[in-house]
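Participant: So I've got this file, entry.pdb, and it contains PDB, C-alpha atoms:
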ATOM      1  CA  MET A   1      75.856 138.365 140.028
ATOM      2  CA  PHE A   2      73.690 138.936 136.975
ATOM      3  CA  HIS A   3      75.200 142.397 136.561
ATOM      4  CA  THR A   4      78.705 140.927 136.749
ATOM      5  CA  ILE A   5      77.862 138.428 134.013
ATOM      6  CA  LEU A   6      76.509 141.256 131.870
ATOM      7  CA  MET A   7      79.715 143.274 132.336
ATOM      8  CA  ILE A   8      81.889 140.250 131.444
ATOM      9  CA  THR A   9      79.791 139.695 128.345
ATOM     10  CA  LEU A  10      80.131 143.342 127.323
ATOM     11  CA  ALA A  11      83.916 143.009 127.598
ATOM     12  CA  VAL A  12      83.886 139.839 125.486
ATOM     13  CA  MET A  13      81.753 141.500 122.819
ATOM     14  CA  SER A  14      84.142 144.476 122.805
ATOM     15  CA  ILE A  15      87.056 142.119 122.181
ATOM     16  CA  SER A  16      85.264 140.485 119.279
ATOM     17  CA  LEU A  17      84.344 143.883 117.809
ATOM     18  CA  PHE A  18      87.997 144.921 118.039
ATOM     19  CA  VAL A  19      89.126 141.725 116.321
ATOM     20  CA  CYS A  20      86.663 142.370 113.485
ATOM     21  CA  PHE A  21      88.066 145.883 113.211
ATOM     22  CA  ILE A  22      91.621 144.511 112.968
ATOM     23  CA  ARG A  23      90.585 142.232 110.107
ATOM     24  CA  THR A  24      88.909 145.198 108.421
ATOM     25  CA  VAL A  25      92.166 147.138 108.547
ATOM     26  CA  ILE A  26      94.662 144.429 107.599
ATOM     27  CA  GLY A  27      92.488 142.344 105.278
ATOM     28  CA  PRO A  28      94.577 141.457 102.224
ATOM     29  CA  SER A  29      91.733 141.480  99.706
ATOM     30  CA  MET A  30      88.549 143.487  99.376
ATOM     31  CA  PRO A  31      86.094 140.615 100.172
ATOM     32  CA  ASP A  32      87.978 140.102 103.457
ATOM     33  CA  ARG A  33      87.116 143.643 104.449
ATOM     34  CA  ILE A  34      83.492 143.162 103.451
ATOM     35  CA  VAL A  35      83.236 139.970 105.539
ATOM     36  CA  ALA A  36      84.787 141.765 108.499
ATOM     37  CA  LEU A  37      82.412 144.722 108.190
ATOM     38  CA  ASP A  38      79.436 142.368 108.012
ATOM     39  CA  ALA A  39      80.603 140.512 111.124
ATOM     40  CA  LEU A  40      81.216 143.861 112.837
ATOM     41  CA  GLY A  41      77.624 144.927 112.183
ATOM     42  CA  ILE A  42      76.268 141.628 113.485
ATOM     43  CA  ASN A  43      78.428 141.803 116.624
ATOM     44  CA  LEU A  44      77.315 145.390 117.175
ATOM     45  CA  ILE A  45      73.696 144.174 117.276
ATOM     46  CA  GLY A  46      74.592 141.784 120.121
ATOM     47  CA  PHE A  47      76.512 144.533 121.933
ATOM     48  CA  ILE A  48      73.518 146.867 121.847
ATOM     49  CA  GLY A  49      71.248 144.016 122.971
ATOM     50  CA  ILE A  50      73.324 143.512 126.104
ATOM     51  CA  LEU A  51      73.379 147.280 126.629
ATOM     52  CA  MET A  52      69.570 147.216 126.568
ATOM     53  CA  ILE A  53      69.565 144.672 129.392
ATOM     54  CA  VAL A  54      72.125 146.663 131.412
ATOM     55  CA  GLN A  55      70.227 149.947 131.139
ATOM     56  CA  GLU A  56      66.760 148.293 131.293
ATOM     57  CA  THR A  57      65.417 150.345 128.431
ATOM     58  CA  ILE A  58      63.816 149.443 125.128
ATOM     59  CA  ALA A  59      64.826 152.700 123.472
ATOM     60  CA  TYR A  60      67.516 150.984 121.402
ATOM     61  CA  SER A  61      65.276 148.473 119.648
ATOM     62  CA  GLU A  62      64.947 150.692 116.574
ATOM     63  CA  VAL A  63      68.724 151.100 116.574
ATOM     64  CA  ILE A  64      69.087 147.316 116.351
ATOM     65  CA  LEU A  65      66.709 147.098 113.402
ATOM     66  CA  VAL A  66      68.394 149.935 111.518
ATOM     67  CA  ILE A  67      71.901 148.545 112.095
ATOM     68  CA  SER A  68      70.897 145.082 110.892
ATOM     69  CA  ILE A  69      69.268 146.486 107.754
ATOM     70  CA  LEU A  70      72.207 148.800 107.010
ATOM     71  CA  ALA A  71      74.785 146.024 107.478
ATOM     72  CA  PHE A  72      72.883 143.772 105.081
ATOM     73  CA  ILE A  73      72.361 146.463 102.434
ATOM     74  CA  GLY A  74      75.987 147.585 102.676
ATOM     75  CA  THR A  75      77.268 144.042 102.273
ATOM     76  CA  ILE A  76      75.082 143.394  99.229
ATOM     77  CA  ALA A  77      75.962 146.717  97.590
ATOM     78  CA  LEU A  78      79.714 146.390  98.162
ATOM     79  CA  SER A  79      79.900 142.804  96.924
ATOM     80  CA  LYS A  80      77.883 143.616  93.801
ATOM     81  CA  PHE A  81      80.090 146.629  93.226
ATOM     82  CA  ILE A  82      83.409 144.772  93.378
ATOM     83  CA  GLU A  83      81.964 141.955  91.276
ATOM     84  CA  ARG A  84      80.759 143.896  88.270
ATOM     85  CA  GLY A  85      81.626 147.535  88.845
ATOM     86  CA  VAL A  86      77.987 148.553  89.132
ATOM     87  CA  VAL A  87      75.436 148.138  91.890
ATOM     88  CA  PHE A  88      72.315 147.911  89.720
ATOM     89  CA  ASP A  89      72.698 146.022  86.444
ATOM     90  CA  ARG A  90      70.131 145.797  83.670
ATOM     91  CA  ASP A  91      70.323 142.468  81.927
TER
ATOM     92  CA  MET B   1      69.902 135.050 141.628
ATOM     93  CA  THR B   2      66.554 133.734 140.486
ATOM     94  CA  ALA B   3      65.848 130.948 138.006
ATOM     95  CA  ILE B   4      64.967 133.418 135.247
ATOM     96  CA  GLU B   5      68.312 135.147 135.652
ATOM     97  CA  ILE B   6      70.130 131.819 135.451
ATOM     98  CA  ILE B   7      68.407 130.987 132.165
ATOM     99  CA  LEU B   8      69.167 134.469 130.807
ATOM    100  CA  SER B   9      72.813 134.140 131.898
ATOM    101  CA  ILE B  10      73.139 130.838 130.035
ATOM    102  CA  PHE B  11      71.778 132.417 126.855
ATOM    103  CA  ILE B  12      73.977 135.506 127.171
ATOM    104  CA  LEU B  13      77.182 133.615 127.941
ATOM    105  CA  LEU B  14      76.531 131.188 125.069
ATOM    106  CA  GLY B  15      75.938 134.100 122.710
ATOM    107  CA  ALA B  16      79.080 135.954 123.749
ATOM    108  CA  PHE B  17      81.132 132.775 123.470
ATOM    109  CA  LEU B  18      79.857 132.100 119.950
ATOM    110  CA  SER B  19      80.500 135.703 118.895
ATOM    111  CA  LEU B  20      84.048 135.482 120.233
ATOM    112  CA  LEU B  21      84.529 132.190 118.357
ATOM    113  CA  GLY B  22      83.357 133.848 115.163
ATOM    114  CA  SER B  23      85.804 136.699 115.595
ATOM    115  CA  ILE B  24      88.690 134.351 116.372
ATOM    116  CA  GLY B  25      87.852 132.403 113.233
ATOM    117  CA  LEU B  26      87.740 135.654 111.305
ATOM    118  CA  ILE B  27      91.278 136.525 112.351
ATOM    119  CA  ARG B  28      92.743 133.006 112.209
ATOM    120  CA  PHE B  29      91.442 131.328 109.055
ATOM    121  CA  PRO B  30      93.761 131.451 106.049
ATOM    122  CA  ASP B  31      91.523 132.542 103.166
ATOM    123  CA  VAL B  32      88.366 134.534 102.551
ATOM    124  CA  TYR B  33      86.099 131.510 102.141
ATOM    125  CA  GLY B  34      87.001 130.102 105.536
ATOM    126  CA  ARG B  35      86.557 133.532 107.074
ATOM    127  CA  THR B  36      83.092 133.764 105.567
ATOM    128  CA  HIS B  37      82.290 130.387 107.080
ATOM    129  CA  ALA B  38      83.412 131.513 110.541
ATOM    130  CA  ALA B  39      81.903 134.968 110.493
ATOM    131  CA  THR B  40      78.447 134.158 109.243
ATOM    132  CA  LYS B  41      77.646 130.968 111.124
ATOM    133  CA  SER B  42      78.827 131.299 114.680
ATOM    134  CA  ALA B  43      78.462 135.070 114.962
ATOM    135  CA  THR B  44      74.899 134.859 113.667
ATOM    136  CA  LEU B  45      73.946 132.122 116.126
ATOM    137  CA  GLY B  46      75.592 134.071 118.946
ATOM    138  CA  VAL B  47      73.694 137.234 118.147
ATOM    139  CA  ILE B  48      70.420 135.320 117.848
ATOM    140  CA  SER B  49      71.061 133.819 121.282
ATOM    141  CA  ILE B  50      71.787 137.224 122.818
ATOM    142  CA  MET B  51      68.662 138.721 121.279
ATOM    143  CA  VAL B  52      66.537 135.827 122.568
ATOM    144  CA  ALA B  53      67.927 136.590 126.030
ATOM    145  CA  THR B  54      67.053 140.291 125.618
ATOM    146  CA  PHE B  55      63.522 139.435 124.513
ATOM    147  CA  LEU B  56      63.047 137.053 127.458
ATOM    148  CA  PHE B  57      64.427 139.680 129.873
ATOM    149  CA  PHE B  58      61.882 142.283 128.832
ATOM    150  CA  LEU B  59      59.064 139.732 128.632
ATOM    151  CA  LEU B  60      59.635 137.989 131.972
ATOM    152  CA  ILE B  61      61.181 140.652 134.221
ATOM    153  CA  GLU B  62      59.884 143.954 132.886
ATOM    154  CA  GLY B  63      56.598 142.573 131.524
ATOM    155  CA  LEU B  64      56.974 144.164 128.090
ATOM    156  CA  PHE B  65      56.430 142.395 124.793
ATOM    157  CA  VAL B  66      58.934 143.969 122.389
ATOM    158  CA  GLY B  67      58.122 142.766 118.896
ATOM    159  CA  LYS B  68      60.959 144.698 117.283
ATOM    160  CA  ILE B  69      63.535 142.395 118.874
ATOM    161  CA  LEU B  70      61.773 139.384 117.368
ATOM    162  CA  LEU B  71      61.799 141.200 114.032
ATOM    163  CA  ALA B  72      65.546 141.819 114.354
ATOM    164  CA  ILE B  73      66.118 138.110 115.125
ATOM    165  CA  LEU B  74      64.130 137.102 112.041
ATOM    166  CA  PHE B  75      65.959 139.621 109.879
ATOM    167  CA  VAL B  76      69.440 138.517 110.974
ATOM    168  CA  PHE B  77      68.421 134.883 110.542
ATOM    169  CA  LEU B  78      67.222 135.522 106.988
ATOM    170  CA  THR B  79      69.894 137.883 105.707
ATOM    171  CA  ALA B  80      73.165 136.427 107.022
ATOM    172  CA  PRO B  81      73.215 133.449 104.561
ATOM    173  CA  VAL B  82      72.343 135.741 101.643
ATOM    174  CA  ALA B  83      75.177 138.091 102.566
ATOM    175  CA  ALA B  84      77.602 135.160 102.844
ATOM    176  CA  LEU B  85      76.531 133.906  99.425
ATOM    177  CA  MET B  86      77.054 137.313  97.812
ATOM    178  CA  ILE B  87      80.488 137.771  99.388
ATOM    179  CA  GLY B  88      81.642 134.303  98.379
ATOM    180  CA  ARG B  89      80.437 134.668  94.818
ATOM    181  CA  SER B  90      82.013 138.079  94.337
ATOM    182  CA  ALA B  91      85.277 136.847  95.881
ATOM    183  CA  TYR B  92      85.388 133.869  93.515
ATOM    184  CA  ARG B  93      84.541 135.914  90.453
ATOM    185  CA  THR B  94      87.109 138.598  91.155
ATOM    186  CA  GLY B  95      89.786 135.920  91.450
ATOM    187  CA  VAL B  96      90.620 135.861  95.148
ATOM    188  CA  PRO B  97      92.842 132.765  95.491
ATOM    189  CA  LEU B  98      92.062 129.812  97.712
ATOM    190  CA  TRP B  99      94.402 128.769 100.485
ATOM    191  CA  GLU B 100      97.479 127.094  98.967
ATOM    192  CA  LYS B 101      96.797 123.869 100.878
ATOM    193  CA  SER B 102      93.241 123.539  99.582
ATOM    194  CA  VAL B 103      92.804 120.174  97.876
ATOM    195  CA  GLN B 104      89.691 120.609  95.767
ATOM    196  CA  ASP B 105      88.056 123.311  93.664
ATOM    197  CA  ASP B 106      84.914 121.922  92.067
ATOM    198  CA  LEU B 107      83.679 125.249  90.767
ATOM    199  CA  LYS B 108      86.785 125.925  88.680
ATOM    200  CA  GLU B 109      86.118 123.692  85.655
ATOM    201  CA  VAL B 110      82.409 124.488  85.563
ATOM    202  CA  TYR B 111      83.155 128.166  85.733
ATOM    203  CA  GLU B 112      85.818 128.045  83.002
ATOM    204  CA  LYS B 113      83.536 126.011  80.737
ATOM    205  CA  LYS B 114      80.788 128.546  81.222
ATOM    206  CA  LEU B 115      83.178 131.414  80.478
ATOM    207  CA  ASN B 116      84.411 129.807  77.244
ATOM    208  CA  GLU B 117      81.096 128.870  75.681
ATOM    209  CA  PRO B 118      79.486 131.464  73.359
ATOM    210  CA  GLN B 119      76.635 133.476  74.698
TER
END
What would the structure in this file look like if it were written as structure tokens?
Facilitator:
Amino acid sequence: MFHTILMITLAVMSISLFVCFIRTVIGPSMPDRIVALDALGINLIGFIGILMIVQETIAYSEVILVISILAFIGTIALSKFIERGVVFDRD
Amino acid sequence: MTAIEIILSIFILLGAFLSLLGSIGLIRFPDVYGRTHAATKSATLGVISIMVATFLFFLLIEGLFVGKILLAILFVFLTAPVAALMIGRSAYRTGVPLWEKSVQDDLKEVYEKKLNEPQ
């Protein structure tokens, strides 16, 4: 029963990842794509968390940390880049 | 199905439901500000719920205290509002329009006044 719930949840998370990917592709403006990529990274963290429960391993805990840090840094860098044209500004 | 598994199932189903709600909001809302609202509130709470369930699974069933999962929860909790703020500010400053049925834009006059005054 618990395994069935985990499989259903994996399917639901896959659907939400796919929807985020659709918004990344069709997004009319550039901030739409950045929002969708940020949400995709956050949903990927939940997906890997459920995968850890299914496989009963803690080997993916570093993967979760690295994905969360990379999603945050990528969001900040892309939004600063489309705002001013540079990532690091000196003023 | 033991009591621990029932509690874990509640957390996991709630998290998946909130993540799905965030994605539906991301595809259904009309402009980028509404999409930011959907994607960074409900998806963040859903992921935090799923990670709490993962932490409780390893703590109660496997008997392992995994501090890195707690660190990931704290990091997502701290960085999602900052990311939403940066995206919203860059979208407003690069001139992404609001939805045409929006009734109020309080930032517009303040922002124009700040642009027009000399440095």
Participant: Residues of chain A that approach chain B to 6 Å or less, counting all atoms listed in the file: could you list each one with the shortest pair of atoms and its distance in Å to one decimal, rows by chain and increasing residue number, as JSON lines?
Facilitator:
{"residue": "A:Thr9", "atom": "CA", "partner": "B:Ala16", "partner_atom": "CA", "distance": 6.0}
{"residue": "A:Ser16", "atom": "CA", "partner": "B:Leu20", "partner_atom": "CA", "distance": 5.2}
{"residue": "A:Pro31", "atom": "CA", "partner": "B:Ala91", "partner_atom": "CA", "distance": 5.8}
{"residue": "A:Asp32", "atom": "CA", "partner": "B:Val32", "partner_atom": "CA", "distance": 5.7}
{"residue": "A:Ala39", "atom": "CA", "partner": "B:Ala39", "partner_atom": "CA", "distance": 5.7}
{"residue": "A:Gly46", "atom": "CA", "partner": "B:Val47", "partner_atom": "CA", "distance": 5.0}
{"residue": "A:Leu65", "atom": "CA", "partner": "B:Ala72", "partner_atom": "CA", "distance": 5.5}
{"residue": "A:Ser79", "atom": "CA", "partner": "B:Ile87", "partner_atom": "CA", "distance": 5.6}
{"residue": "A:Glu83", "atom": "CA", "partner": "B:Ser90", "partner_atom": "CA", "distance": 4.9}
Participant: Provide the atom CA of Leu98 of chain B to atom CA of Val35 of chain A distance in Å, to one decimal place.
Facilitator: 15.6 Å
Participant: Provide the atom CA of Glu56 of chain A to atom CA of Ala71 of chain A distance in Å, to one decimal place.
Facilitator: 25.2 Å
Participant: I'd like to see the residues matched by the PyMOL selection byres ((chain A and resi 23) around 9) on this file, and ideally I'd get them as an mmCIF file with C-alpha atoms, in the frame of the given file.
Facilitator:
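Output saved as selection.cif:
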data_model
loop_
_atom_site.group_PDB
_atom_site.id
_atom_site.type_symbol
_atom_site.label_atom_id
_atom_site.label_comp_id
_atom_site.auth_asym_id
_atom_site.auth_seq_id
_atom_site.Cartn_x
_atom_site.Cartn_y
_atom_site.Cartn_z
ATOM 1 C CA PHE A 18 87.997 144.921 118.039
ATOM 2 C CA VAL A 19 89.126 141.725 116.321
ATOM 3 C CA CYS A 20 86.663 142.370 113.485
ATOM 4 C CA PHE A 21 88.066 145.883 113.211
ATOM 5 C CA ILE A 22 91.621 144.511 112.968
ATOM 6 C CA THR A 24 88.909 145.198 108.421
ATOM 7 C CA VAL A 25 92.166 147.138 108.547
ATOM 8 C CA ILE A 26 94.662 144.429 107.599
ATOM 9 C CA GLY A 27 92.488 142.344 105.278
ATOM 10 C CA PRO A 28 94.577 141.457 102.224
ATOM 11 C CA ASP A 32 87.978 140.102 103.457
ATOM 12 C CA ARG A 33 87.116 143.643 104.449
ATOM 13 C CA VAL A 35 83.236 139.970 105.539
ATOM 14 C CA ALA A 36 84.787 141.765 108.499
ATOM 15 C CA LEU A 37 82.412 144.722 108.190
ATOM 16 C CA LEU B 26 87.740 135.654 111.305
ATOM 17 C CA ILE B 27 91.278 136.525 112.351
#
Participant: Could you please determine the separation between atom CA of Tyr60 of chain A and atom CA of Phe65 of chain B in Å, to one decimal place?
Facilitator: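 Between atom CA of Tyr60 of chain A and atom CA of Phe65 of chain B the gap works out to 14.4 Å.
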Participant: Quick one: of B:Phe29, B:Ile4, B:Gly34, B:Asn116, who's nearest to Leu59 of chain B, counting all atoms listed in the file?
Facilitator: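 Of all the options, B:Ile4 lies closest to Leu59 of chain B.
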Participant: Please put the answer as AutoDock Vina command-line options: centre and edge lengths, in Å with one decimal, of a box along x, y and z that encloses all listed atoms of segment 29-36 of chain A plus 6 Å on each side.
Facilitator:
--center_x 87.5 --center_y 141.8 --center_z 103.9 --size_x 20.5 --size_y 15.7 --size_z 21.1
Participant: Using all atoms listed in the file, give me every residue within 12 Å of (76.0, 147.5, 100.7) in file coordinates, as a ChimeraX atom specification.
Facilitator: /A:34-35,37-38,41,68-82,86-88 /B:83,86-87
Participant: Can you fill out segment 31-65 of chain B with N, CA and C atoms and hand it back as a PDB file, in the coordinates of the input?
Facilitator:
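File written: result36.pdb
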ATOM      1  N   ASP B  31      91.998 131.864 104.370  1.00  0.00           N
ATOM      2  CA  ASP B  31      91.523 132.542 103.166  1.00  0.00           C
ATOM      3  C   ASP B  31      90.110 133.075 103.369  1.00  0.00           C
ATOM      4  N   VAL B  32      89.606 133.780 102.357  1.00  0.00           N
ATOM      5  CA  VAL B  32      88.366 134.534 102.551  1.00  0.00           C
ATOM      6  C   VAL B  32      87.158 133.609 102.669  1.00  0.00           C
ATOM      7  N   TYR B  33      87.251 132.413 102.076  1.00  0.00           N
ATOM      8  CA  TYR B  33      86.099 131.510 102.141  1.00  0.00           C
ATOM      9  C   TYR B  33      85.945 130.920 103.541  1.00  0.00           C
ATOM     10  N   GLY B  34      87.059 130.560 104.154  1.00  0.00           N
ATOM     11  CA  GLY B  34      87.001 130.102 105.536  1.00  0.00           C
ATOM     12  C   GLY B  34      86.552 131.186 106.490  1.00  0.00           C
ATOM     13  N   ARG B  35      86.978 132.418 106.209  1.00  0.00           N
ATOM     14  CA  ARG B  35      86.557 133.532 107.074  1.00  0.00           C
ATOM     15  C   ARG B  35      85.070 133.791 106.943  1.00  0.00           C
ATOM     16  N   THR B  36      84.540 133.632 105.730  1.00  0.00           N
ATOM     17  CA  THR B  36      83.092 133.764 105.567  1.00  0.00           C
ATOM     18  C   THR B  36      82.350 132.704 106.368  1.00  0.00           C
ATOM     19  N   HIS B  37      82.877 131.482 106.301  1.00  0.00           N
ATOM     20  CA  HIS B  37      82.290 130.387 107.080  1.00  0.00           C
ATOM     21  C   HIS B  37      82.247 130.715 108.565  1.00  0.00           C
ATOM     22  N   ALA B  38      83.373 131.233 109.104  1.00  0.00           N
ATOM     23  CA  ALA B  38      83.412 131.513 110.541  1.00  0.00           C
ATOM     24  C   ALA B  38      82.511 132.683 110.904  1.00  0.00           C
ATOM     25  N   ALA B  39      82.561 133.733 110.074  1.00  0.00           N
ATOM     26  CA  ALA B  39      81.903 134.968 110.493  1.00  0.00           C
ATOM     27  C   ALA B  39      80.400 134.898 110.372  1.00  0.00           C
ATOM     28  N   THR B  40      79.885 134.108 109.440  1.00  0.00           N
ATOM     29  CA  THR B  40      78.447 134.158 109.243  1.00  0.00           C
ATOM     30  C   THR B  40      77.708 132.961 109.830  1.00  0.00           C
ATOM     31  N   LYS B  41      78.390 132.015 110.413  1.00  0.00           N
ATOM     32  CA  LYS B  41      77.646 130.968 111.124  1.00  0.00           C
ATOM     33  C   LYS B  41      77.618 131.237 112.618  1.00  0.00           C
ATOM     34  N   SER B  42      78.813 131.249 113.222  1.00  0.00           N
ATOM     35  CA  SER B  42      78.827 131.299 114.680  1.00  0.00           C
ATOM     36  C   SER B  42      78.432 132.678 115.202  1.00  0.00           C
ATOM     37  N   ALA B  43      78.831 133.735 114.487  1.00  0.00           N
ATOM     38  CA  ALA B  43      78.462 135.070 114.962  1.00  0.00           C
ATOM     39  C   ALA B  43      76.958 135.265 114.864  1.00  0.00           C
ATOM     40  N   THR B  44      76.347 134.723 113.803  1.00  0.00           N
ATOM     41  CA  THR B  44      74.899 134.859 113.667  1.00  0.00           C
ATOM     42  C   THR B  44      74.161 134.112 114.771  1.00  0.00           C
ATOM     43  N   LEU B  45      74.606 132.880 115.051  1.00  0.00           N
ATOM     44  CA  LEU B  45      73.946 132.122 116.126  1.00  0.00           C
ATOM     45  C   LEU B  45      74.152 132.792 117.482  1.00  0.00           C
ATOM     46  N   GLY B  46      75.341 133.372 117.697  1.00  0.00           N
ATOM     47  CA  GLY B  46      75.592 134.071 118.946  1.00  0.00           C
ATOM     48  C   GLY B  46      74.705 135.279 119.120  1.00  0.00           C
ATOM     49  N   VAL B  47      74.536 136.045 118.040  1.00  0.00           N
ATOM     50  CA  VAL B  47      73.694 137.234 118.147  1.00  0.00           C
ATOM     51  C   VAL B  47      72.234 136.854 118.331  1.00  0.00           C
ATOM     52  N   ILE B  48      71.800 135.773 117.667  1.00  0.00           N
ATOM     53  CA  ILE B  48      70.420 135.320 117.848  1.00  0.00           C
ATOM     54  C   ILE B  48      70.195 134.890 119.299  1.00  0.00           C
ATOM     55  N   SER B  49      71.185 134.222 119.883  1.00  0.00           N
ATOM     56  CA  SER B  49      71.061 133.819 121.282  1.00  0.00           C
ATOM     57  C   SER B  49      70.981 135.024 122.217  1.00  0.00           C
ATOM     58  N   ILE B  50      71.819 136.027 121.968  1.00  0.00           N
ATOM     59  CA  ILE B  50      71.787 137.224 122.818  1.00  0.00           C
ATOM     60  C   ILE B  50      70.453 137.952 122.670  1.00  0.00           C
ATOM     61  N   MET B  51      69.927 138.015 121.459  1.00  0.00           N
ATOM     62  CA  MET B  51      68.662 138.721 121.279  1.00  0.00           C
ATOM     63  C   MET B  51      67.491 137.946 121.882  1.00  0.00           C
ATOM     64  N   VAL B  52      67.561 136.616 121.871  1.00  0.00           N
ATOM     65  CA  VAL B  52      66.537 135.827 122.568  1.00  0.00           C
ATOM     66  C   VAL B  52      66.583 136.126 124.065  1.00  0.00           C
ATOM     67  N   ALA B  53      67.801 136.249 124.610  1.00  0.00           N
ATOM     68  CA  ALA B  53      67.927 136.590 126.030  1.00  0.00           C
ATOM     69  C   ALA B  53      67.355 137.973 126.319  1.00  0.00           C
ATOM     70  N   THR B  54      67.603 138.943 125.415  1.00  0.00           N
ATOM     71  CA  THR B  54      67.053 140.291 125.618  1.00  0.00           C
ATOM     72  C   THR B  54      65.529 140.276 125.588  1.00  0.00           C
ATOM     73  N   PHE B  55      64.983 139.529 124.623  1.00  0.00           N
ATOM     74  CA  PHE B  55      63.522 139.435 124.513  1.00  0.00           C
ATOM     75  C   PHE B  55      62.922 138.801 125.769  1.00  0.00           C
ATOM     76  N   LEU B  56      63.558 137.722 126.256  1.00  0.00           N
ATOM     77  CA  LEU B  56      63.047 137.053 127.458  1.00  0.00           C
ATOM     78  C   LEU B  56      63.183 137.946 128.692  1.00  0.00           C
ATOM     79  N   PHE B  57      64.260 138.750 128.744  1.00  0.00           N
ATOM     80  CA  PHE B  57      64.427 139.680 129.873  1.00  0.00           C
ATOM     81  C   PHE B  57      63.265 140.665 129.933  1.00  0.00           C
ATOM     82  N   PHE B  58      62.956 141.295 128.798  1.00  0.00           N
ATOM     83  CA  PHE B  58      61.882 142.283 128.832  1.00  0.00           C
ATOM     84  C   PHE B  58      60.520 141.632 128.991  1.00  0.00           C
ATOM     85  N   LEU B  59      60.371 140.385 128.501  1.00  0.00           N
ATOM     86  CA  LEU B  59      59.064 139.732 128.632  1.00  0.00           C
ATOM     87  C   LEU B  59      58.834 139.244 130.059  1.00  0.00           C
ATOM     88  N   LEU B  60      59.855 138.657 130.691  1.00  0.00           N
ATOM     89  CA  LEU B  60      59.635 137.989 131.972  1.00  0.00           C
ATOM     90  C   LEU B  60      59.895 138.895 133.164  1.00  0.00           C
ATOM     91  N   ILE B  61      60.843 139.820 133.069  1.00  0.00           N
ATOM     92  CA  ILE B  61      61.181 140.652 134.221  1.00  0.00           C
ATOM     93  C   ILE B  61      60.459 141.992 134.169  1.00  0.00           C
ATOM     94  N   GLU B  62      60.514 142.650 132.995  1.00  0.00           N
ATOM     95  CA  GLU B  62      59.884 143.954 132.886  1.00  0.00           C
ATOM     96  C   GLU B  62      58.407 143.850 132.508  1.00  0.00           C
ATOM     97  N   GLY B  63      57.984 142.710 131.929  1.00  0.00           N
ATOM     98  CA  GLY B  63      56.598 142.573 131.524  1.00  0.00           C
ATOM     99  C   GLY B  63      56.236 143.294 130.245  1.00  0.00           C
ATOM    100  N   LEU B  64      57.222 143.467 129.355  1.00  0.00           N
ATOM    101  CA  LEU B  64      56.974 144.164 128.090  1.00  0.00           C
ATOM    102  C   LEU B  64      57.174 143.192 126.941  1.00  0.00           C
ATOM    103  N   PHE B  65      56.252 143.197 126.006  1.00  0.00           N
ATOM    104  CA  PHE B  65      56.430 142.395 124.793  1.00  0.00           C
ATOM    105  C   PHE B  65      56.991 143.306 123.713  1.00  0.00           C
TER     106      PHE B  65
END
